[in-house]
Amino acid sequence: MTKILFICHGNICRSVAAEMVARKMIADLGAEKRISADSAAATREEIGNDIYPPMKKALIGAGYPCLPHAARQTTRADYDRYDCLIAMDEENLWDLRRIYGSDPEGKVSLLLDWAGKPGREIEDPWYTRNFQGVLRQIEEGCDGLLRQLLAEKG
């Protein structure tokens, strides 16, 4: 099984939205025994908090189930536990280098790298307030990620 961990600043908007989007896409593809998705924060400031209400509203409005959630920070142990560590922006990548040290297995990437947009970031809706636009970016990234992972697995 390929285990994915999505990571953003606080684990209340982008990473948890990517988790919910990926989980639905995985279920729709019938790939639950092949791929799993989870999420975490790069920082500690939102630990224990649920999905940010405007992000939850955007997810539900687009037909994504919102499972119970409590934000958590990623740890060094997650590097060994997960196969793909997917960050939303460059600041998250910087935080992951601080937490994980190095990336000897090449597990760390940006979500939109998987959609053929290397180096492009998922904007932070906490600041932009563009929750629908961010959800579309996440859908594009998750679609590319899952297509590539399933193609690799045959």
# chains A, B, ... in the order shown; residues from 1 in each chain; ligands from 1
call {"tool": "select_by_dssp", "arguments": {"residues": "chain A", "states": "strand (DSSP E or B)", "output": "compact mmCIF listing (two decimals) with N, CA and C atoms, in the first residue's frame"}}
result
# COMPACT_ATOMS: atom_id res chain seq x y z
N THR A 2 0.53 2.20 -0.84
CA THR A 2 1.21 3.49 -0.89
C THR A 2 0.51 4.43 0.08
N LYS A 3 1.28 4.98 1.02
CA LYS A 3 0.73 5.87 2.03
C LYS A 3 1.16 7.31 1.75
N ILE A 4 0.15 8.18 1.62
CA ILE A 4 0.38 9.60 1.31
C ILE A 4 0.12 10.43 2.56
N LEU A 5 0.99 11.41 2.81
CA LEU A 5 0.77 12.39 3.87
C LEU A 5 0.82 13.77 3.23
N PHE A 6 -0.30 14.50 3.29
CA PHE A 6 -0.38 15.87 2.80
C PHE A 6 -0.04 16.80 3.95
N ILE A 7 0.77 17.83 3.67
CA ILE A 7 1.23 18.73 4.73
C ILE A 7 1.05 20.18 4.31
N CYS A 8 0.47 20.99 5.22
CA CYS A 8 0.42 22.44 5.04
C CYS A 8 0.80 23.09 6.36
N ILE A 35 -3.90 2.53 -1.96
CA ILE A 35 -3.43 3.87 -1.60
C ILE A 35 -4.23 4.38 -0.39
N SER A 36 -3.53 5.02 0.54
CA SER A 36 -4.21 5.68 1.67
C SER A 36 -3.73 7.13 1.76
N ALA A 37 -4.56 7.98 2.35
CA ALA A 37 -4.22 9.40 2.48
C ALA A 37 -4.46 9.88 3.90
N ASP A 38 -3.58 10.74 4.36
CA ASP A 38 -3.66 11.34 5.69
C ASP A 38 -3.12 12.76 5.55
N SER A 39 -3.16 13.54 6.63
CA SER A 39 -2.64 14.90 6.58
C SER A 39 -2.06 15.31 7.92
N ALA A 40 -1.22 16.36 7.85
CA ALA A 40 -0.57 16.87 9.07
C ALA A 40 -0.14 18.31 8.81
N ALA A 41 0.30 18.95 9.89
CA ALA A 41 0.77 20.33 9.84
C ALA A 41 2.29 20.37 9.88
N GLN A 73 0.81 17.82 14.12
CA GLN A 73 2.06 18.19 13.46
C GLN A 73 2.77 16.93 12.97
N CYS A 84 4.84 9.01 0.35
CA CYS A 84 4.81 10.31 -0.32
C CYS A 84 4.47 11.37 0.71
N LEU A 85 5.31 12.38 0.82
CA LEU A 85 5.10 13.49 1.73
C LEU A 85 4.90 14.72 0.86
N ILE A 86 3.64 15.17 0.78
CA ILE A 86 3.23 16.16 -0.21
C ILE A 86 2.95 17.50 0.47
N ALA A 87 3.81 18.47 0.19
CA ALA A 87 3.67 19.81 0.76
C ALA A 87 2.86 20.70 -0.18
N VAL A 108 9.61 13.70 -0.65
CA VAL A 108 9.00 15.01 -0.45
C VAL A 108 8.82 15.74 -1.78
N SER A 109 7.61 16.29 -1.99
CA SER A 109 7.33 17.05 -3.21
C SER A 109 6.22 18.06 -2.93
N LEU A 110 5.99 18.93 -3.90
CA LEU A 110 4.84 19.82 -3.86
C LEU A 110 3.68 19.14 -4.58
call {"tool": "select_by_dssp", "arguments": {"residues": "segment 77-152 of chain A", "states": "helix (DSSP H, G or I)", "output": "PyMOL selection string"}}
result
chain A and resi 77-81+90-100+111-115+125-128+131-152
call {"tool": "atom_distance", "arguments": {"atom1": "atom CA of Ile122 of chain A", "atom2": "atom CA of Arg14 of chain A"}}
result
7.8 Å
call {"tool": "closest_residue", "arguments": {"among": "A:Ile26, A:Leu112, A:Ile12, A:Met1", "to": "Lys56 of chain A", "atoms": "only C-alpha atoms"}}
result
A:Ile12
call {"tool": "residues_around", "arguments": {"residues": "Gln132 of chain A", "least_positions_apart": "2", "cutoff": "10 Å", "atoms": "only C-alpha atoms", "output": "PyMOL selection string"}}
result
chain A and resi 54-55+57-59+61-62+125+129-130+134-138
call {"tool": "write_last_selection", "arguments": {"atoms": "N, CA and C atoms", "output": "PDB file, in the first residue's frame"}}
result
ATOM      1  N   PRO A  54     -14.650  27.780   6.648  1.00  0.00           N
ATOM      2  CA  PRO A  54     -14.836  28.075   5.220  1.00  0.00           C
ATOM      3  C   PRO A  54     -14.284  26.973   4.292  1.00  0.00           C
ATOM      4  N   MET A  55     -13.221  26.290   4.711  1.00  0.00           N
ATOM      5  CA  MET A  55     -12.693  25.186   3.908  1.00  0.00           C
ATOM      6  C   MET A  55     -13.658  24.009   3.960  1.00  0.00           C
ATOM      7  N   LYS A  57     -16.851  24.183   4.387  1.00  0.00           N
ATOM      8  CA  LYS A  57     -18.006  24.567   3.568  1.00  0.00           C
ATOM      9  C   LYS A  57     -17.714  24.322   2.083  1.00  0.00           C
ATOM     10  N   ALA A  58     -16.510  24.691   1.635  1.00  0.00           N
ATOM     11  CA  ALA A  58     -16.135  24.471   0.229  1.00  0.00           C
ATOM     12  C   ALA A  58     -16.089  22.981  -0.094  1.00  0.00           C
ATOM     13  N   LEU A  59     -15.543  22.177   0.806  1.00  0.00           N
ATOM     14  CA  LEU A  59     -15.472  20.731   0.588  1.00  0.00           C
ATOM     15  C   LEU A  59     -16.866  20.115   0.485  1.00  0.00           C
ATOM     16  N   GLY A  61     -19.686  21.612  -0.131  1.00  0.00           N
ATOM     17  CA  GLY A  61     -20.361  22.145  -1.309  1.00  0.00           C
ATOM     18  C   GLY A  61     -19.947  21.456  -2.599  1.00  0.00           C
ATOM     19  N   ALA A  62     -18.719  20.918  -2.621  1.00  0.00           N
ATOM     20  CA  ALA A  62     -18.214  20.220  -3.807  1.00  0.00           C
ATOM     21  C   ALA A  62     -18.459  18.713  -3.722  1.00  0.00           C
ATOM     22  N   PRO A 125      -5.514  29.689   1.405  1.00  0.00           N
ATOM     23  CA  PRO A 125      -6.793  30.390   1.462  1.00  0.00           C
ATOM     24  C   PRO A 125      -7.022  31.148   2.769  1.00  0.00           C
ATOM     25  N   ARG A 129      -8.559  33.908   0.904  1.00  0.00           N
ATOM     26  CA  ARG A 129     -10.002  33.682   1.079  1.00  0.00           C
ATOM     27  C   ARG A 129     -10.613  32.998  -0.148  1.00  0.00           C
ATOM     28  N   ASN A 130      -9.786  32.481  -1.036  1.00  0.00           N
ATOM     29  CA  ASN A 130     -10.246  31.839  -2.261  1.00  0.00           C
ATOM     30  C   ASN A 130     -10.340  30.320  -2.056  1.00  0.00           C
ATOM     31  N   VAL A 134      -8.694  27.259  -4.358  1.00  0.00           N
ATOM     32  CA  VAL A 134      -7.730  26.350  -3.734  1.00  0.00           C
ATOM     33  C   VAL A 134      -8.215  24.909  -3.875  1.00  0.00           C
ATOM     34  N   LEU A 135      -9.503  24.696  -3.700  1.00  0.00           N
ATOM     35  CA  LEU A 135     -10.055  23.350  -3.850  1.00  0.00           C
ATOM     36  C   LEU A 135      -9.825  22.839  -5.280  1.00  0.00           C
ATOM     37  N   ARG A 136      -9.984  23.692  -6.270  1.00  0.00           N
ATOM     38  CA  ARG A 136      -9.717  23.274  -7.666  1.00  0.00           C
ATOM     39  C   ARG A 136      -8.238  22.928  -7.859  1.00  0.00           C
ATOM     40  N   GLN A 137      -7.335  23.700  -7.261  1.00  0.00           N
ATOM     41  CA  GLN A 137      -5.902  23.395  -7.345  1.00  0.00           C
ATOM     42  C   GLN A 137      -5.617  22.033  -6.700  1.00  0.00           C
ATOM     43  N   ILE A 138      -6.228  21.801  -5.547  1.00  0.00           N
ATOM     44  CA  ILE A 138      -6.029  20.541  -4.829  1.00  0.00           C
ATOM     45  C   ILE A 138      -6.569  19.369  -5.643  1.00  0.00           C
TER      46      ILE A 138
END
call {"tool": "atom_distance", "arguments": {"atom1": "atom CA of Arg147 of chain A", "atom2": "atom CA of Ala115 of chain A"}}
result
9.6 Å
call {"tool": "residues_around", "arguments": {"residues": "segment 92-103 of chain A", "least_positions_apart": "4", "cutoff": "7 Å", "atoms": "only C-alpha atoms", "output": "CSV table (one decimal) with C-alpha atoms, in the first residue's frame"}}
result
chain,number,residue,atom,x,y,z
A,8,CYS,CA,0.4,22.4,5.0
A,9,HIS,CA,1.1,25.1,7.6
A,42,ALA,CA,4.3,21.7,9.5
A,75,THR,CA,7.1,14.2,13.0
A,76,ARG,CA,10.4,12.7,12.0
A,79,TYR,CA,9.2,10.2,7.1
A,87,ALA,CA,3.7,19.8,0.8
A,88,MET,CA,1.5,22.7,-0.4
A,107,LYS,CA,9.6,11.3,-0.8
A,108,VAL,CA,9.0,15.0,-0.4
call {"tool": "atom_distance", "arguments": {"atom1": "atom CA of Cys66 of chain A", "atom2": "atom CA of Met20 of chain A"}}
result
6.5 Å
call {"tool": "closest_residue", "arguments": {"among": "A:Met25, A:Ala18, A:Glu90, A:Leu149", "to": "Glu121 of chain A", "atoms": "only C-alpha atoms"}}
result
A:Glu90
call {"tool": "closest_residue", "arguments": {"among": "A:Ala22, A:Leu111, A:Ala27, A:Ala17", "to": "Ile60 of chain A", "atoms": "only C-alpha atoms"}}
result
A:Ala17
